[in-house]
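**Student:** Dropping the structure in here first, questions after.
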Amino acid sequence: MADGAKLMERFEGTARGHQVPPSGWRICLAHEFEEKRKPYQASNVSASDVVKHLGLGMRYLRWWYRKTHVEKKCPVIDLFNPLPLRQIYGCPLGGFGGGTITRGWRGEFCRWQLNPGVYHYKTVVADQFTICLRRKGQTVYQQVLSVERPSVLQGWNWGYCGHYAFYHALYPRAWTVYQLPGQDVVLTCRQISPIIPNDYQDTSLPVGVFVWELENSSDEAVDVSIMLTLQNGMGTKEDKRGGHWNEPFSLEKDDARVSGVLLHHCSPVNPYTLAISAREQAGTRVTHFTAFNPAGTGQAVWQDLLQDGRLGSPAGKGSLTEKGEVTAAAVCASCTVPARGHRTLEVALAWDMPRIHFGSKEKLHLRRYTRYFGSAGDACPALSHYALTHCERWEEKIESWQRPILESSHLPPWYKSALFNELYFLADGGTLWLELPPEACAEDVQGPAGAGLSQLFPVLREYGRFAYLEGQEYRMYNTYDVHFYASFALAMLWPKLEISLQYDIAAAVLNEDTQPRLYLMNGQTAQVKLRNVVPHDIGEPEDEPWQRVNAYLIHDTAGWKDLNLKFVLQVYRDFSLTGDAAYLRDMWPVCQAVMDAELKFDTDDDGLIENSGFADQTYDAWVATGASAYCGSLWLAAVCVMCKVAGIVGDDEVLQKYSAIRRKGTEAFERLLWNGKYYNYDSSGGPFSSTVMSDQCAGQWFLRASGLDHGEFQVFPRSHIVSALKTIFELNVMSFANGTMGAVNGMRPDGSLDTSSLQSSEAWVGVVYALAATMIQEGLVQEGFHTAEGCYRTVWERLGMAFQTPEAYCQRKLFRSLAYMRPLSIWSMQLALESRARQAPAATELHPVPETSPQL
């Protein structure tokens with residue numbers, strides 16, 4: 001216990017001037033961790049439950065069978081093979097759009113996303129760091145820094161005691177602190193990825209750096225070697241297909257020398273190279289082992305290191321692997337740490353898959369980073385050199401970005417952890433960031449109907465195309481009803497990527513796809529995409545994204561009520577944050593087109609759209625009929641935006657048109673849905689019509705986030721919004737798991753769950769964060785933080801879903817759709833806090849928010 005306390009004290013301290021922030025996600029590597037978590041084990045919602053609540057039945061089963069067994073492809077939503085919960089993940093490595101590699105909190109490399117939108121959840125045993133200590137010319141300690149005891153590589157010393165290590169993550173960095181028992185040596189491994197706001201070069205790079213801080217508290221010098229071993233591949237059957245090979249490399253540039261090994265993985269589609277390397281500096285020596293068998297005992301590389309703390313560094317390329325054979329390589333960085341002193345070793349992991357095909361194999365695409373490092377497939381040496389010589393600069397920028405939030409005494413530690421760590425999905429969400437081909441012209445990207453988008457081609461040419469999956473289980477790119485929530489992270493930190501994404505959506509709006517499609521929900525056939533309707537998504541990895549949109553086939557989303565509205569709201573929100581007038585002018589005709597198309601849903605001409613009695617919005621298993629709080633509030637907010645933008649661009653005709661609609665619609669919304677305390681779920685008068693929906697103020701959330709919250713642009717009575725939020729807090733939050741799990745989507749007025757659908761009885765993480773932001777916007781700061789805290793502690797602490805935040809969970813410890821886009825909405829909380837501070841300078845001192853710490 002004393003050792004653990006000492007290590008924790010050191011962990012909370014500093015390592016060579018780099019503060020280990022106490023506000024990030026932290027965990028001890030000890031095995032007791034799993035024992036403590038066992039009472040909180042959760043399981044995925046069963047396929048039968050989802051099928052039953054969606055009403056899919058045999059249509060889904062036939063489609064699923066054809067997709068998986070006939071076409072041999074992965075379905076966009078595979079209800080029969082949900083991801084199991086593995087409480088092992090840590091901070092992913094890599095920038096946006098070049099693929100990611102996730103290192104678990106116990107040091108294993110365990111999640112691979114290199115091919116676009118394809119994940120391999122495989123821990124590769126050979127991928128490890130090993131420490132070697134030598135004193136007076138003798139090796140005194142050599143240990144794999146892993147608590148595992150695998151059945152392969154038996155010649156290695158496994159089973160590091162987890163009591164002597166802590167893991168801490170604050171994306172895009174992570175720290176692992178190891179105290180080596182009996183050696184008076186402490187290692188701090190600092191993992192860095194180049195995720196930097198408003199940086200559109202380095203943020204695209206497929207690299208990660210491990211900075212090892214070595215502290216020697218003994219009275220004699222110690223020679224320290226850090227060895228990184230890596231298998232050629234991702235631990236799949238592809239590793240054994242043969243034809244892969246390794247070779248050493250060395251690159252000296254600008255007085256900096258980097259050496260390592262390239263692992264060439266020669267798959268027939270999307271070949272790639274991995275690289276492990278270290279920086280050679282004064283007093284540092286880098287050696288390598290070109291190839292060894294990771295399926296054997298590993299004695300050759302282990303004994304090589306054990307002998308003198310270095311590797312043999314054979315010259316020349318390794319041989320091609322035979323079919324059924326696997327290969328791995330090792331790089332070792334060594335230095336002498338003086339008595340009572342410290343030194344630093346820097347190791348990098350880079351990967352280069354520059355040219356990619358999607359599942360259709362129709363087009364060749366270039367990743368964004370190829371703009372800076374070329375597309376020939378030989379970029380790993382330059383990437384490794386760049387990473388190792390720029391990581392210090394990256395950290396300075398990361399610390400400058402994060403410091404004001406981390407040092408704020410008014411923000412609770414759990415919030416700081418959630419705010420940064422949820423950003424992992426922007427890189428690890430199957431993310432694409434592609435260059436337009438050099439030969440591309442405007443017609444290629446805007447389609448026949450998009451000629452009016454004057455800035456579309458220049459924006460895509462300069463900033464590329466950006467896309468991320470709805471979730472690691474729901475494999476559709478830029479799912480727009482969900483991006484509506486998640487978009488705050490991009491809009492606030494990488495606004496040019498949000499603008500690029502919006503242009504792609506706008507181009508899709510103006511075009512159509514007349515191909516017939518059978519929709520699984522109702523068995524009816526309709527066009528894939530209608531003109532002047534926002535698509536549900538821009539495609540799937542197994543097909544050809546952007547070229548064929550709307551991979552979602554549960555419902556015909558042309559009848560959804562929220563997609564068009566969310567486009568209009570995001571256009572103005574983006575403009576309010578960026579001030580990009582050219583963007584607003586380009587989008588104005590598109591906004592008019594989608595709003596005119598939306599008007600058909602106002603069937604009784606009362607200025608308010610009606611839902612159609614099927615699940616026709618983002619809650620795609622929760623039916624609303626007639627006027628509804630969710631879609632009605634989004635509609636009125638979009639109408640308000642139309643009035644605002646019409647005034648900006650000087651379009652008096654549109655201003656008059658939507659001003660009249662707003663007057664009628666506001667009256668109808670209040671008359672049909674306001675019950676004196678909150679807005680009813682819908683106006684159908686059915687048994688669940690009076691449900692308290694946690695997301696009922698979604699329109700107000702976006703209006704206020706866009707600065708449209710006062711005077712003529714105050715759509716909803718402020719007293720009604722505050723009353724509704726207080727009711728939600730009382731029922732959906734405090735009556736749900738005693739206030740310890742965030743907000744459930746639907747609660748009955750008597751405090752019982754709305755069980756009319758699967759989704760009404762779930763808590764959606766992204767919706768909870770959006771609700772918390774709405775509360776903060778309206779002055780209910782304590783309530784907002786309490787609501788969000790329950791959600792964070794459920795996901796990250798009780799259920800162990802770190803770096804795989806799901807879409808939804810239930811009170812009975814069921815969850816759905818691991819690793820999901822919507823929780824990025826937590827950045828709307830930060831926007832709300834910043835807006836409050838600007839609007840009330842006299843009260844900038846936001847009162848400190850206490851850490852309520854609900855019982856776990």
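Residue numbers start at 1 in each chain; chains themselves are named A, B, ... in the order of the structure tokens; ligands are numbered from 1 in the order shown.
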How would you write, as number ranges by chain, the set of residues in stretch 370-505 of chain A that DSSP gives as strand (DSSP E or B)?
**Tutor:** A: 432-435, 465-467, 469, 471, 474, 477
**Student:** Quote the spacing between atom CA of A:Met642 and atom CA of A:Ala442 in Å to one decimal place.
**Tutor:**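 Between atom CA of A:Met642 and atom CA of A:Ala442 the gap works out to 27.9 Å.
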**Student:** Residues within 9 Å of stretch 758-768 of chain A, please, as an MDAnalysis selection string. Count only C-alpha atoms; anything in the same chain fewer than 5 positions from it doesn't count.
**Tutor:** chainID A and resid 49:50 53:54 482 485:486 619:622 693:695 741:747 753 773 787:788 791:792 795 805:811 815 820:826
**Student:** Considering only C-alpha atoms, state which residue in the set A:Ser659, A:Ser384, A:Gln446, A:Gln307 is at the smallest distance from A:Leu205.
**Tutor:**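 Distance minimum relative to A:Leu205 lands on A:Ser384.
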**Student:** Applying 8 Å and only C-alpha atoms, which residues near A:Cys110 remain after dropping the ones on its own chain fewer than 3 positions away? List them as a list of chain:residue names.
**Tutor:**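 Near A:Cys110, the qualifying residues are A:Tyr89, A:Ile101, A:Thr102, A:Arg103, A:Gly104, A:Tyr121, A:Lys122, A:Thr123, A:Val124.
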**Student:** What lies within 7 Å of stretch 517-527 of chain A using only C-alpha atoms, ignoring chain neighbours under 3 positions off, as a list in words?
**Tutor:** Gly55, Leu56, Arg59, Tyr60, Asp513, Thr514, Leu530, Leu553, Ile554, His555 and Asp556 of chain A
**Student:** Store the residues of this selection in a file with N, CA, C and O atoms, as a CSV table (one decimal), in the first residue's frame.
**Tutor:**
chain,number,residue,atom,x,y,z
A,55,GLY,N,-39.5,-3.5,-35.4
A,55,GLY,CA,-40.5,-4.1,-36.2
A,55,GLY,C,-39.9,-4.7,-37.5
A,55,GLY,O,-40.6,-4.7,-38.6
A,56,LEU,N,-38.7,-5.1,-37.5
A,56,LEU,CA,-38.0,-5.5,-38.8
A,56,LEU,C,-38.3,-6.9,-39.2
A,56,LEU,O,-38.6,-7.2,-40.4
A,59,ARG,N,-37.6,-9.4,-42.8
A,59,ARG,CA,-37.0,-8.6,-43.9
A,59,ARG,C,-35.5,-8.4,-43.5
A,59,ARG,O,-34.7,-8.4,-44.4
A,60,TYR,N,-35.3,-8.0,-42.3
A,60,TYR,CA,-33.9,-7.8,-41.9
A,60,TYR,C,-33.1,-9.1,-41.9
A,60,TYR,O,-31.9,-9.0,-42.4
A,513,ASP,N,-30.9,10.4,-56.3
A,513,ASP,CA,-30.6,9.1,-56.8
A,513,ASP,C,-31.9,8.3,-57.0
A,513,ASP,O,-32.6,8.0,-56.0
A,514,THR,N,-32.2,8.1,-58.2
A,514,THR,CA,-33.5,7.6,-58.5
A,514,THR,C,-33.6,6.1,-58.4
A,514,THR,O,-34.6,5.5,-58.7
A,530,LEU,N,-34.0,11.7,-52.7
A,530,LEU,CA,-34.8,12.8,-53.4
A,530,LEU,C,-34.0,14.1,-53.4
A,530,LEU,O,-33.2,14.4,-52.5
A,553,LEU,N,-31.1,1.8,-44.5
A,553,LEU,CA,-32.2,1.3,-45.2
A,553,LEU,C,-33.3,0.7,-44.2
A,553,LEU,O,-34.2,0.0,-44.7
A,554,ILE,N,-33.3,1.2,-43.0
A,554,ILE,CA,-34.4,0.8,-42.1
A,554,ILE,C,-35.7,1.5,-42.5
A,554,ILE,O,-36.7,0.9,-42.6
A,555,HIS,N,-35.5,2.9,-42.6
A,555,HIS,CA,-36.7,3.7,-43.0
A,555,HIS,C,-36.3,4.5,-44.3
A,555,HIS,O,-35.1,4.7,-44.6
A,556,ASP,N,-37.3,4.9,-45.0
A,556,ASP,CA,-37.1,5.9,-46.1
A,556,ASP,C,-36.9,7.2,-45.4
A,556,ASP,O,-37.9,7.8,-45.0
**Student:** Any chance you could tabulate, as a tab-separated table, the residues of stretch 116-151 of chain A at most 12 Å from stretch 166-189 of chain A with each one's nearest atom pair and distance in Å to one decimal, using only C-alpha atoms, in chain and rising number order?
**Tutor:**
residue	atom	partner	partner_atom	distance
A:Phe129	CA	A:Cys189	CA	10.1
A:Thr130	CA	A:Leu187	CA	11.5
A:Ile131	CA	A:Leu187	CA	9.3
A:Cys132	CA	A:Leu180	CA	10.7
A:Leu133	CA	A:Gln183	CA	8.6
A:Arg134	CA	A:Gln183	CA	10.4
A:Arg135	CA	A:Gln183	CA	10.4
A:Thr139	CA	A:Gln183	CA	11.9
A:Val140	CA	A:Gln183	CA	8.8
A:Tyr141	CA	A:Gln183	CA	8.1
A:Gln142	CA	A:Leu180	CA	10.1
A:Gln143	CA	A:Leu180	CA	9.3
A:Val144	CA	A:Leu180	CA	11.4
A:Leu145	CA	A:Tyr178	CA	8.3
A:Ser146	CA	A:Tyr178	CA	10.5
A:Val147	CA	A:Tyr178	CA	11.7
**Student:** Given only C-alpha atoms as the basis, pick out the residue of A:Trp494, A:Trp588, A:Phe669, A:Trp302 nearest to A:Gln154.
**Tutor:**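 Smallest distance to A:Gln154 is found for A:Trp302.
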**Student:** Here is a test: counting only C-alpha atoms, which residue of A:Lys664, A:His264, A:Lys677, A:Lys136 is nearest to A:Thr321?
**Tutor:**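 Comparing A:Lys664, A:His264, A:Lys677, A:Lys136 against A:Thr321, the winner is A:His264.
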**Student:** Extract, using only C-alpha atoms, all DNA, RNA and protein residues at most 6 Å from stretch 497-509 of chain A, discarding same-chain residues fewer than 3 positions from it, and format them as JSON, numbers by chain.
**Tutor:** {"A": [446, 450, 456, 466, 490, 491, 494, 531, 532, 533, 534]}
**Student:** Using only C-alpha atoms, which residues of stretch 185-206 of chain A come within 9 Å of stretch 362-373 of chain A, and what is the closest atom pair for each, with the distance in Å to one decimal? Give it as CSV, sorted by chain and residue number.
**Tutor:**
residue,atom,partner,partner_atom,distance
A:Gln201,CA,A:Tyr369,CA,7.1
A:Asp202,CA,A:Tyr369,CA,8.1
A:Thr203,CA,A:Tyr369,CA,8.8
A:Ser204,CA,A:Tyr369,CA,5.5
A:Leu205,CA,A:Tyr369,CA,5.7
A:Pro206,CA,A:Tyr369,CA,7.8
**Student:** Next, the residues of the selection above should be written as a PDB file, in the first residue's frame with N, CA and C atoms.
**Tutor:**
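Saved result, selection.pdb, follows:
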ATOM      1  N   GLN A 201      -2.652  20.347 -40.946  1.00  0.00           N
ATOM      2  CA  GLN A 201      -1.570  19.522 -41.474  1.00  0.00           C
ATOM      3  C   GLN A 201      -1.224  18.422 -40.479  1.00  0.00           C
ATOM      4  N   ASP A 202      -0.654  18.799 -39.360  1.00  0.00           N
ATOM      5  CA  ASP A 202      -0.159  17.790 -38.426  1.00  0.00           C
ATOM      6  C   ASP A 202      -1.282  16.920 -37.861  1.00  0.00           C
ATOM      7  N   THR A 203      -2.487  17.480 -37.733  1.00  0.00           N
ATOM      8  CA  THR A 203      -3.602  16.698 -37.200  1.00  0.00           C
ATOM      9  C   THR A 203      -3.977  15.550 -38.128  1.00  0.00           C
ATOM     10  N   SER A 204      -3.495  15.554 -39.355  1.00  0.00           N
ATOM     11  CA  SER A 204      -3.820  14.480 -40.301  1.00  0.00           C
ATOM     12  C   SER A 204      -2.811  13.341 -40.278  1.00  0.00           C
ATOM     13  N   LEU A 205      -1.763  13.440 -39.486  1.00  0.00           N
ATOM     14  CA  LEU A 205      -0.646  12.502 -39.632  1.00  0.00           C
ATOM     15  C   LEU A 205      -0.875  11.182 -38.898  1.00  0.00           C
ATOM     16  N   PRO A 206      -0.587  10.061 -39.550  1.00  0.00           N
ATOM     17  CA  PRO A 206      -0.759   8.732 -38.930  1.00  0.00           C
ATOM     18  C   PRO A 206       0.461   8.338 -38.108  1.00  0.00           C
TER      19      PRO A 206
END
